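Engineer: Below you'll find input_37.tsv; it's TSV, C-alpha atoms and all ligand atoms.
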```tsv
chain	number	residue	atom	x	y	z
D	1	MET	CA	141.91	131.16	106.37
D	2	GLY	CA	140.50	134.50	107.57
D	3	ILE	CA	136.83	134.87	108.35
D	4	LYS	CA	135.38	137.67	106.24
D	5	ASN	CA	134.16	141.03	107.52
D	6	SER	CA	130.61	141.64	108.66
D	7	ARG	CA	128.05	140.90	105.88
D	8	ASP	CA	130.84	140.24	103.41
D	9	PHE	CA	128.88	137.24	102.13
D	10	ASP	CA	125.70	137.61	100.12
D	11	LEU	CA	124.58	134.08	100.91
D	12	LEU	CA	125.54	131.33	103.37
D	13	THR	CA	123.82	127.95	103.21
D	14	LEU	CA	123.79	125.13	105.77
D	15	GLY	CA	123.62	121.47	104.80
D	16	GLN	CA	125.20	118.11	104.23
D	17	LEU	CA	127.50	117.73	101.23
D	18	LEU	CA	126.96	114.47	99.40
D	19	LEU	CA	129.33	112.49	97.25
D	20	ARG	CA	127.32	111.38	94.22
D	21	LEU	CA	128.50	108.10	92.70
D	22	SER	CA	126.92	107.13	89.39
D	23	PRO	CA	127.78	104.43	86.87
D	24	PRO	CA	128.75	106.00	83.52
D	25	ASP	CA	126.89	105.61	80.22
D	26	ASN	CA	123.52	104.53	81.60
D	27	GLU	CA	125.14	101.49	83.27
D	28	ARG	CA	123.28	99.99	86.25
D	29	LEU	CA	124.13	100.25	89.94
D	30	SER	CA	123.68	96.49	90.23
D	31	ARG	CA	126.04	95.70	87.36
D	32	GLY	CA	128.61	98.33	86.40
D	33	ASP	CA	132.27	98.26	87.51
D	34	THR	CA	133.02	101.98	87.84
D	35	PHE	CA	131.50	105.12	89.33
D	36	VAL	CA	131.74	108.73	88.27
D	37	LYS	CA	132.45	110.83	91.36
D	38	GLN	CA	130.54	114.13	91.70
D	39	VAL	CA	129.53	116.44	94.53
D	40	GLY	CA	126.00	117.50	95.44
D	41	GLY	CA	123.56	118.22	98.24
D	42	ALA	CA	120.64	120.64	98.14
D	43	GLU	CA	122.25	123.53	100.01
D	44	LEU	CA	125.57	123.22	98.18
D	45	ASN	CA	123.73	123.28	94.86
D	46	VAL	CA	122.13	126.61	95.83
D	47	ALA	CA	125.47	128.13	96.92
D	48	VAL	CA	127.21	127.00	93.71
D	49	GLY	CA	124.44	128.31	91.43
D	50	ALA	CA	124.41	131.70	93.14
D	51	ALA	CA	128.23	131.92	93.11
D	52	LEU	CA	128.32	131.24	89.37
D	53	LEU	CA	125.88	134.12	88.87
D	54	GLY	CA	128.16	136.43	90.83
D	55	LEU	CA	127.13	136.34	94.50
D	56	HIS	CA	129.68	135.81	97.24
D	57	THR	CA	128.53	132.55	98.79
D	58	GLY	CA	129.70	129.96	101.29
D	59	VAL	CA	128.51	126.69	102.79
D	60	ILE	CA	128.38	125.86	106.49
D	61	SER	CA	129.03	122.14	106.77
D	62	LYS	CA	131.18	119.43	108.32
D	63	LEU	CA	133.44	117.10	106.37
D	64	PRO	CA	135.95	114.38	107.19
D	65	ALA	CA	139.52	115.66	107.46
D	66	HIS	CA	140.63	112.83	105.11
D	67	ASP	CA	141.22	112.72	101.32
D	68	ILE	CA	137.57	112.35	100.30
D	69	GLY	CA	136.76	115.47	102.32
D	70	SER	CA	139.64	117.20	100.51
D	71	PHE	CA	138.25	116.10	97.13
D	72	MET	CA	134.89	117.67	97.99
D	73	LYS	CA	136.47	120.83	99.36
D	74	GLY	CA	138.52	121.22	96.18
D	75	LYS	CA	135.45	120.85	93.97
D	76	ILE	CA	133.53	123.43	95.96
D	77	ARG	CA	136.37	125.93	95.83
D	78	SER	CA	136.59	125.45	92.06
D	79	PHE	CA	133.10	126.96	91.78
D	80	GLY	CA	134.11	129.96	93.88
D	81	VAL	CA	132.12	128.86	96.95
D	82	SER	CA	133.82	129.62	100.25
D	83	ASP	CA	134.79	126.93	102.74
D	84	ASP	CA	135.48	129.49	105.50
D	85	PHE	CA	132.73	127.89	107.58
D	86	PHE	CA	133.62	124.23	107.11
D	87	MET	CA	134.16	122.18	110.25
D	88	TYR	CA	136.37	119.09	110.03
D	89	ASP	CA	135.84	115.69	111.59
D	90	GLN	CA	139.27	114.40	112.66
D	91	SER	CA	138.01	111.04	113.97
D	92	SER	CA	139.25	107.78	112.44
D	93	SER	CA	135.64	106.82	111.62
D	94	ALA	CA	134.91	110.09	109.74
D	95	ARG	CA	132.65	109.52	106.69
D	96	VAL	CA	131.13	111.56	103.88
D	97	GLY	CA	127.44	111.22	103.03
D	98	ILE	CA	127.04	109.33	99.75
D	99	TYR	CA	124.27	108.88	97.27
D	100	TYR	CA	124.36	106.39	94.46
D	101	TYR	CA	122.45	107.44	91.36
D	102	GLU	CA	121.43	105.37	88.36
D	103	ASN	CA	120.23	107.41	85.41
D	104	GLY	CA	116.98	106.13	84.00
D	105	ALA	CA	116.06	105.65	80.37
D	106	TYR	CA	112.40	105.14	79.61
D	107	PRO	CA	110.80	102.81	80.74
D	108	ARG	CA	113.55	102.20	83.36
D	109	LYS	CA	113.20	104.71	86.21
D	110	PRO	CA	116.18	106.55	87.76
D	111	LYS	CA	117.30	105.12	91.12
D	112	VAL	CA	118.72	106.80	94.21
D	113	ILE	CA	120.30	104.95	97.14
D	114	TYR	CA	121.33	107.07	100.15
D	115	ASP	CA	124.19	106.21	102.48
D	116	ARG	CA	124.33	109.34	104.57
D	117	ASN	CA	123.56	108.36	108.17
D	118	ASN	CA	126.27	108.81	110.79
D	119	SER	CA	128.52	110.68	108.39
D	120	SER	CA	130.60	113.60	109.70
D	121	PHE	CA	127.82	116.17	109.17
D	122	PHE	CA	125.74	114.28	111.75
D	123	SER	CA	128.25	115.22	114.45
D	124	LEU	CA	127.92	118.98	113.76
D	125	ASN	CA	127.57	120.77	117.06
D	126	ILE	CA	126.31	124.34	117.52
D	127	ASP	CA	129.27	125.12	119.81
D	128	GLU	CA	131.80	124.49	117.05
D	129	ILE	CA	130.19	127.03	114.70
D	130	PRO	CA	131.99	130.38	115.03
D	131	GLU	CA	129.85	133.23	116.39
D	132	GLU	CA	130.93	135.48	113.45
D	133	VAL	CA	128.86	133.37	111.08
D	134	TYR	CA	125.59	134.96	112.20
D	135	THR	CA	126.64	138.44	111.04
D	136	ALA	CA	128.75	137.34	108.07
D	137	SER	CA	126.04	137.26	105.40
D	138	LYS	CA	123.07	139.16	104.02
D	139	CYS	CA	121.09	135.95	103.57
D	140	PHE	CA	121.05	132.46	105.12
D	141	HIS	CA	119.45	129.48	103.35
D	142	THR	CA	118.70	125.93	104.41
D	143	THR	CA	116.15	123.21	103.62
D	144	GLY	CA	113.87	120.60	105.09
D	145	ILE	CA	116.46	117.95	104.17
D	146	THR	CA	118.80	119.31	106.85
D	147	LEU	CA	115.97	119.48	109.40
D	148	ALA	CA	114.99	115.89	108.60
D	149	LEU	CA	118.40	114.26	109.05
D	150	ASN	CA	118.08	113.61	112.79
D	151	GLU	CA	116.85	115.16	116.04
D	152	LYS	CA	120.21	116.70	116.97
D	153	ILE	CA	120.81	118.37	113.59
D	154	ARG	CA	117.18	119.54	113.64
D	155	GLU	CA	117.63	121.36	116.95
D	156	THR	CA	121.04	122.76	115.86
D	157	THR	CA	119.50	124.05	112.62
D	158	ILE	CA	116.51	125.63	114.37
D	159	GLU	CA	118.83	127.38	116.83
D	160	MET	CA	121.00	128.63	113.96
D	161	ILE	CA	117.95	129.96	112.09
D	162	LYS	CA	116.95	131.87	115.24
D	163	ARG	CA	120.46	133.29	115.67
D	164	PHE	CA	120.70	134.38	112.02
D	165	LYS	CA	117.30	136.05	112.26
D	166	ALA	CA	118.18	137.78	115.54
D	167	ALA	CA	121.35	139.12	113.88
D	168	GLY	CA	119.27	140.72	111.11
D	169	THR	CA	120.07	138.19	108.36
D	170	LEU	CA	117.41	137.39	105.74
D	171	VAL	CA	116.32	133.77	106.25
D	172	SER	CA	115.49	131.65	103.19
D	173	PHE	CA	114.01	128.15	103.48
D	174	ASP	CA	113.04	125.43	100.98
D	175	VAL	CA	110.78	122.60	102.19
D	176	ASN	CA	112.37	120.06	99.79
D	177	PHE	CA	110.20	117.26	101.22
D	178	ARG	CA	111.90	113.86	101.26
D	179	GLY	CA	109.58	110.96	102.15
D	180	ASN	CA	112.56	108.72	102.90
D	181	LEU	CA	113.79	111.07	105.65
D	182	TRP	CA	110.61	111.92	107.54
D	183	THR	CA	106.81	111.83	107.42
D	184	GLY	CA	104.55	114.67	106.35
D	185	ASP	CA	103.34	115.09	109.96
D	186	GLU	CA	106.90	115.36	111.29
D	187	ALA	CA	107.82	117.82	108.53
D	188	ARG	CA	104.78	120.03	109.19
D	189	GLU	CA	105.27	120.08	112.95
D	190	CYS	CA	108.94	121.00	112.60
D	191	ILE	CA	108.63	123.55	109.79
D	192	LEU	CA	105.77	125.36	111.55
D	193	ARG	CA	108.31	126.00	114.35
D	194	ILE	CA	110.69	127.80	111.99
D	195	LEU	CA	108.24	129.72	109.78
D	196	PRO	CA	108.08	132.63	112.29
D	197	TYR	CA	111.75	133.30	111.39
D	198	VAL	CA	111.57	132.77	107.61
D	199	ASP	CA	111.59	135.72	105.16
D	200	ILE	CA	111.76	133.84	101.82
D	201	PHE	CA	109.84	130.55	101.62
D	202	PHE	CA	110.07	128.01	98.79
D	203	CYS	CA	107.21	125.51	98.78
D	204	SER	CA	105.68	123.65	95.85
D	205	GLU	CA	101.91	123.43	95.38
D	206	ASP	CA	101.92	119.66	96.07
D	207	THR	CA	103.89	120.13	99.27
D	208	ALA	CA	101.56	122.91	100.45
D	209	ARG	CA	98.66	120.46	100.09
D	210	LEU	CA	100.32	117.23	101.23
D	211	THR	CA	102.55	118.46	104.04
D	212	PHE	CA	100.81	121.64	105.23
D	213	LEU	CA	97.29	120.33	104.47
D	214	LYS	CA	96.40	123.57	102.69
D	215	THR	CA	93.39	123.84	100.42
D	216	GLY	CA	92.37	126.28	97.70
D	217	THR	CA	94.21	127.43	94.62
D	218	ALA	CA	98.03	127.49	94.44
D	219	LYS	CA	97.99	131.29	94.82
D	220	GLU	CA	95.62	131.22	97.80
D	221	MET	CA	97.84	128.69	99.53
D	222	MET	CA	100.97	130.78	98.89
D	223	LYS	CA	99.34	133.91	100.29
D	224	SER	CA	98.05	132.04	103.34
D	225	PHE	CA	101.62	131.29	104.50
D	226	SER	CA	102.38	135.01	104.63
D	227	GLN	CA	99.10	135.71	106.42
D	228	GLU	CA	99.92	133.18	109.15
D	229	PHE	CA	103.62	134.06	109.44
D	230	PRO	CA	105.75	137.18	108.80
D	231	ILE	CA	107.03	135.73	105.50
D	232	SER	CA	107.83	138.40	102.86
D	233	ILE	CA	108.16	136.20	99.78
D	234	VAL	CA	106.64	132.82	98.90
D	235	ALA	CA	107.89	131.06	95.75
D	236	SER	CA	106.45	127.95	94.19
D	237	THR	CA	107.90	126.06	91.23
D	238	GLN	CA	105.68	124.31	88.72
D	239	ARG	CA	106.85	121.43	86.57
D	240	ILE	CA	104.85	119.61	83.92
D	241	VAL	CA	106.34	116.27	82.88
D	242	HIS	CA	105.27	115.62	79.28
D	243	SER	CA	107.59	112.63	79.01
D	244	PRO	CA	110.71	111.64	81.00
D	245	LYS	CA	112.91	113.80	78.77
D	246	ARG	CA	110.50	116.67	77.97
D	247	HIS	CA	109.39	119.00	80.77
D	248	THR	CA	107.87	122.44	81.17
D	249	PHE	CA	109.21	124.50	84.08
D	250	GLY	CA	107.86	127.73	85.54
D	251	SER	CA	107.06	129.34	88.87
D	252	VAL	CA	104.93	131.86	90.77
D	253	ILE	CA	106.25	134.28	93.37
D	254	TYR	CA	104.06	136.10	95.90
D	255	ASP	CA	105.32	139.40	97.32
D	256	ALA	CA	103.46	140.00	100.60
D	257	ALA	CA	104.42	143.68	100.97
D	258	ARG	CA	102.86	144.52	97.59
D	259	ASP	CA	100.21	141.79	97.76
D	260	GLU	CA	101.25	140.87	94.22
D	261	TYR	CA	101.93	137.66	92.31
D	262	TYR	CA	104.73	137.47	89.75
D	263	GLU	CA	104.60	135.04	86.84
D	264	GLU	CA	106.14	134.70	83.39
D	265	GLU	CA	105.79	132.30	80.49
D	266	PRO	CA	107.22	128.96	81.58
D	267	TYR	CA	110.11	127.31	79.73
D	268	ARG	CA	108.42	124.71	77.54
D	269	ASP	CA	109.80	121.61	75.96
D	270	ILE	CA	113.01	121.50	78.05
D	271	GLU	CA	115.31	118.70	76.91
D	272	VAL	CA	115.91	116.99	80.25
D	273	VAL	CA	119.29	115.33	80.75
D	274	ASP	CA	119.31	115.34	84.59
D	275	ARG	CA	116.57	117.00	86.62
D	276	ILE	CA	118.25	116.50	90.00
D	277	GLY	CA	119.22	119.84	91.44
D	278	SER	CA	116.98	121.89	89.17
D	279	GLY	CA	114.81	122.95	92.15
D	280	ASP	CA	117.99	124.06	93.90
D	281	ALA	CA	119.15	125.85	90.73
D	282	TYR	CA	115.81	127.73	90.75
D	283	ILE	CA	116.51	128.90	94.28
D	284	SER	CA	120.03	130.03	93.37
D	285	GLY	CA	118.63	132.12	90.50
D	286	ALA	CA	115.72	133.47	92.54
D	287	LEU	CA	118.02	134.47	95.42
D	288	TYR	CA	120.44	136.04	92.93
D	289	GLY	CA	117.54	138.05	91.46
D	290	LEU	CA	116.33	139.19	94.88
D	291	LEU	CA	119.70	139.92	96.47
D	292	SER	CA	121.16	141.72	93.45
D	293	SER	CA	118.13	144.00	93.00
D	294	GLY	CA	117.08	144.81	96.56
D	295	GLY	CA	114.06	142.48	96.44
D	296	ASP	CA	112.66	142.75	92.90
D	297	CYS	CA	110.47	139.64	92.42
D	298	SER	CA	110.35	140.04	88.63
D	299	LYS	CA	114.14	139.56	88.65
D	300	ALA	CA	113.76	136.58	91.01
D	301	ILE	CA	111.35	134.85	88.67
D	302	ALA	CA	113.40	135.57	85.51
D	303	TYR	CA	116.73	134.35	86.95
D	304	GLY	CA	115.12	131.49	88.91
D	305	ASN	CA	113.22	130.03	85.95
D	306	ALA	CA	116.14	130.39	83.52
D	307	THR	CA	118.72	128.87	85.90
D	308	ALA	CA	116.43	125.93	86.65
D	309	ALA	CA	115.53	125.36	83.00
D	310	VAL	CA	119.20	125.19	81.98
D	311	LYS	CA	120.18	122.96	84.92
D	312	ASN	CA	117.76	120.30	83.62
D	313	THR	CA	119.96	119.98	80.53
D	314	ILE	CA	123.21	119.32	82.44
D	315	PRO	CA	124.38	116.12	84.15
D	316	GLY	CA	125.17	116.21	87.87
D	317	ASP	CA	123.58	118.08	90.79
D	318	LEU	CA	125.34	121.38	90.33
D	319	PRO	CA	124.34	124.30	88.13
D	320	SER	CA	127.04	125.41	85.70
D	321	SER	CA	125.67	128.63	84.17
D	322	ASN	CA	127.36	131.98	84.51
D	323	LEU	CA	125.48	135.28	84.46
D	324	GLU	CA	126.15	135.86	80.76
D	325	GLU	CA	124.61	132.52	79.78
D	326	ILE	CA	121.55	133.06	81.97
D	327	GLU	CA	121.00	136.62	80.74
D	328	THR	CA	121.25	135.48	77.12
D	329	ILE	CA	118.66	132.78	77.83
D	330	ILE	CA	116.35	135.25	79.60
D	331	LYS	CA	116.60	137.62	76.64
D	332	ALA	CA	115.80	134.88	74.14
D	333	HIS	CA	112.92	133.66	76.32
D	334	ASN	CA	111.42	137.15	76.52
D	335	GLN	CA	111.71	137.59	72.75
D	336	THR	CA	110.05	134.25	72.05
D	337	GLY	CA	106.34	134.92	72.46
D	338	PRO	CA	104.15	132.25	73.99
D	339	GLN	CA	102.57	131.40	70.62
D	340	SER	CA	105.77	130.94	68.65
D	341	GLU	CA	107.40	129.10	71.53
D	342	MET	CA	104.55	126.63	71.81
D	343	ALA	CA	104.51	126.20	68.05
D	344	ARG	CA	108.16	125.18	67.96
Q	401	LIG	N1	103.61	115.05	103.00
Q	401	LIG	C1	103.97	114.49	101.86
Q	401	LIG	N2	103.77	113.17	101.64
Q	401	LIG	C2	104.14	112.57	100.48
Q	401	LIG	N3	104.74	113.23	99.46
Q	401	LIG	C3	104.96	114.55	99.61
Q	401	LIG	C4	104.58	115.24	100.81
Q	401	LIG	N4	104.94	116.54	100.68
Q	401	LIG	C5	105.49	116.65	99.45
Q	401	LIG	N5	105.51	115.48	98.81
Q	401	LIG	C6	106.09	115.17	97.48
Q	401	LIG	O1	107.51	115.14	97.62
Q	401	LIG	C7	108.14	115.58	96.42
Q	401	LIG	C8	109.21	116.61	96.71
Q	401	LIG	O2	108.60	117.74	97.23
Q	401	LIG	P1	109.10	119.24	97.14
Q	401	LIG	O3	108.99	119.82	98.52
Q	401	LIG	O4	108.31	119.93	96.08
Q	401	LIG	O5	110.63	119.13	96.77
Q	401	LIG	P2	111.35	119.35	95.36
Q	401	LIG	O6	111.73	120.81	95.39
Q	401	LIG	O7	112.54	118.45	95.46
Q	401	LIG	O8	110.39	119.00	94.27
Q	401	LIG	C9	107.02	116.10	95.53
Q	401	LIG	O9	106.76	115.10	94.55
Q	401	LIG	C10	105.83	116.27	96.45
Q	401	LIG	O10	104.61	116.02	95.78
Q	402	LIG	O1	118.13	114.53	98.72
Q	402	LIG	C1	119.14	115.12	99.09
Q	402	LIG	O2	119.54	115.12	100.24
Q	402	LIG	C2	119.94	115.92	98.19
Q	402	LIG	O3	120.50	116.89	98.61
Q	402	LIG	C3	120.00	115.45	96.80
Q	402	LIG	C4	119.80	116.48	95.73
Q	402	LIG	O4	121.01	117.15	95.51
Q	402	LIG	C5	118.78	117.54	95.97
Q	402	LIG	O5	117.80	117.07	96.79
Q	402	LIG	C6	118.22	117.99	94.66
Q	402	LIG	O6	116.97	118.58	94.84
Q	402	LIG	P1	116.11	119.20	93.63
Q	402	LIG	O7	116.79	120.45	93.24
Q	402	LIG	O8	114.77	119.46	94.23
Q	402	LIG	O9	116.14	118.20	92.53
```
Go ahead and express the file in the form of structure tokens.
Structural biologist:
Amino acid sequence: MGIKNSRDFDLLTLGQLLLRLSPPDNERLSRGDTFVKQVGGAELNVAVGAALLGLHTGVISKLPAHDIGSFMKGKIRSFGVSDDFFMYDQSSSARVGIYYYENGAYPRKPKVIYDRNNSSFFSLNIDEIPEEVYTASKCFHTTGITLALNEKIRETTIEMIKRFKAAGTLVSFDVNFRGNLWTGDEARECILRILPYVDIFFCSEDTARLTFLKTGTAKEMMKSFSQEFPISIVASTQRIVHSPKRHTFGSVIYDAARDEYYEEEPYRDIEVVDRIGSGDAYISGALYGLLSSGGDCSKAIAYGNATAAVKNTIPGDLPSSNLEEIETIIKAHNQTGPQSEMAR
């Protein structure tokens, strides 16, 4: 498969692909006999969402060369995401990362069990990544999940971020804090090392306080990141959980060059079917908005909020909305004033 020309990609993401195994029909992990097999992983979710909206995207990852790797590769290709930068683990012990997911139903909480350690992605080596990757895309995106996996992947990821930045690629980063992968102190120490290279930074209000020990209002905290580091755009999602199946979702984006905040009416009363991956869907929409408009944050907020809101209504990690669906939803959202929407 030929590697594409310089900057042929709009977006390349780096991360571990996960096989998601969930019992059907609200069955329990501890009881059911069958699993539904799906594909997920934060950085894949972003690449899929952006591809569905029309960007040319790919994932940099490492998979086993066996049939389960082929299943995942096939799924990814079916969404139009490129596997040009997949590495393959030929060893007889090659494994995919797995997560088991039990859907909750109030008052039973959803459950996640990870089985991802020592899978093929953990053997990813910087020397096996082709040099062309660093000039292949307009934008590179990864998350704190990748940095948290282990020391070796952390150093590989940091080196890759530096190489992308040095090659003139826009660097996008989502903290995506996971308490089962690392502590807040470890996360802060590591992420502060990469923020000098980050252009677009996704960090929730809670994470700004808990991990970065920021104080002040949400907007003050967002702005402070771009005062300390040369970050151009800081985006923060906001979710209100009214009940397990009814959420409100919105976001704020800070544009450092203009010293301006962008906001819109949040999506209220979302009928939540599966919230996993909605943060990633937000990023796919926000990056689509930015990359398709030359950096217009009002587009980022409109596409980000709409893509995330819809993802909440769909089972599985991956977004499934094309541009037409998202633009129809944005139009309807803009026509529905805050009063009438709240009164629904
Ligand atoms: N240092 C920390 N210690 C404990 N919990 C944290 C810390 N930082 C963030 N969190 C929590 O972790 C969860 C995930 O964080 P976040 O970075 O917003 O990822 P996501 O985009 O998946 O919501 C949030 O509930 C947040 O409040
Ligand atoms: O934890 C991981 O390693 C994963 O990749 C699992 C999930 O796919 C994403 O974390 C979803 O993240 P949200 O979009 O914030 O819901």
Engineer: Point out the residue among D:Lys223, D:Lys331, D:Arg95, D:Arg116 with the least atom-to-atom distance to ligand LIG 402 (chain Q), counting only C-alpha atoms and all ligand atoms.
Structural biologist: D:Arg116
Engineer: Excluding stretch 72-81 of chain D and residues on its chain fewer than 3 positions from it, collect all residues at most 8 Å away from it, counting only C-alpha atoms, and give them as a list in words.
Structural biologist: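 Final neighbour list, sorted by chain and number: Leu19, Val39, Ala47, Val48, Ala51, Leu52, His56, Thr57, Gly58, Val59, Ile68 and Gly69 of chain D.
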Engineer: List as a ChimeraX atom specification the protein and nucleic acid residues lying within 6 Å of ligand LIG 402 (chain Q), with only C-alpha atoms and all ligand atoms counted.
Structural biologist: /D:40-42,145,276-280,317
Engineer: Write out as an mmCIF file with C-alpha atoms, in the coordinates of the input each polymer residue whose atoms come within 12 Å of D:Arg108, counting only C-alpha atoms; drop sequence neighbours fewer than 3 positions from it.
Structural biologist:
```
data_model
loop_
_atom_site.group_PDB
_atom_site.id
_atom_site.type_symbol
_atom_site.label_atom_id
_atom_site.label_comp_id
_atom_site.auth_asym_id
_atom_site.auth_seq_id
_atom_site.Cartn_x
_atom_site.Cartn_y
_atom_site.Cartn_z
ATOM 1 C CA ASN D 26 123.520 104.530 81.600
ATOM 2 C CA GLU D 27 125.140 101.490 83.270
ATOM 3 C CA ARG D 28 123.280 99.990 86.250
ATOM 4 C CA GLU D 102 121.430 105.370 88.360
ATOM 5 C CA ASN D 103 120.230 107.410 85.410
ATOM 6 C CA GLY D 104 116.980 106.130 84.000
ATOM 7 C CA ALA D 105 116.060 105.650 80.370
ATOM 8 C CA LYS D 111 117.300 105.120 91.120
ATOM 9 C CA PRO D 244 110.710 111.640 81.000
#
```
Engineer: When you count all atoms listed in the file, which of these residues is closest to D:Arg20: D:Arg246, D:Arg7, D:Lys37, D:His333?
Structural biologist: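 Closest candidate: D:Lys37.
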Engineer: Name the closest residue to D:Tyr288 among the candidates D:Gly250, D:Pro319, D:Gly304, D:Gly168; distances are taken between atoms, counting all atoms listed in the file.
Structural biologist: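 Residue with the minimum atom-to-atom distance to D:Tyr288: D:Gly304.
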Engineer: For each of D:Val133, D:Ala235, D:Cys190, D:Leu213, take the minimum atom-to-atom distance to D:Arg154, counting all atoms listed in the file, then give the residue where this is smallest.
Structural biologist: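 Among D:Val133, D:Ala235, D:Cys190, D:Leu213, it is D:Cys190 that comes nearest to D:Arg154.
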Engineer: Within 8 Å of ligand LIG 401 (chain Q) (counting all atoms listed in the file), which residues show up? I'd like them as number ranges by chain.
Structural biologist: D: 174-179, 183-185, 187, 203-212, 237, 277, 279-280
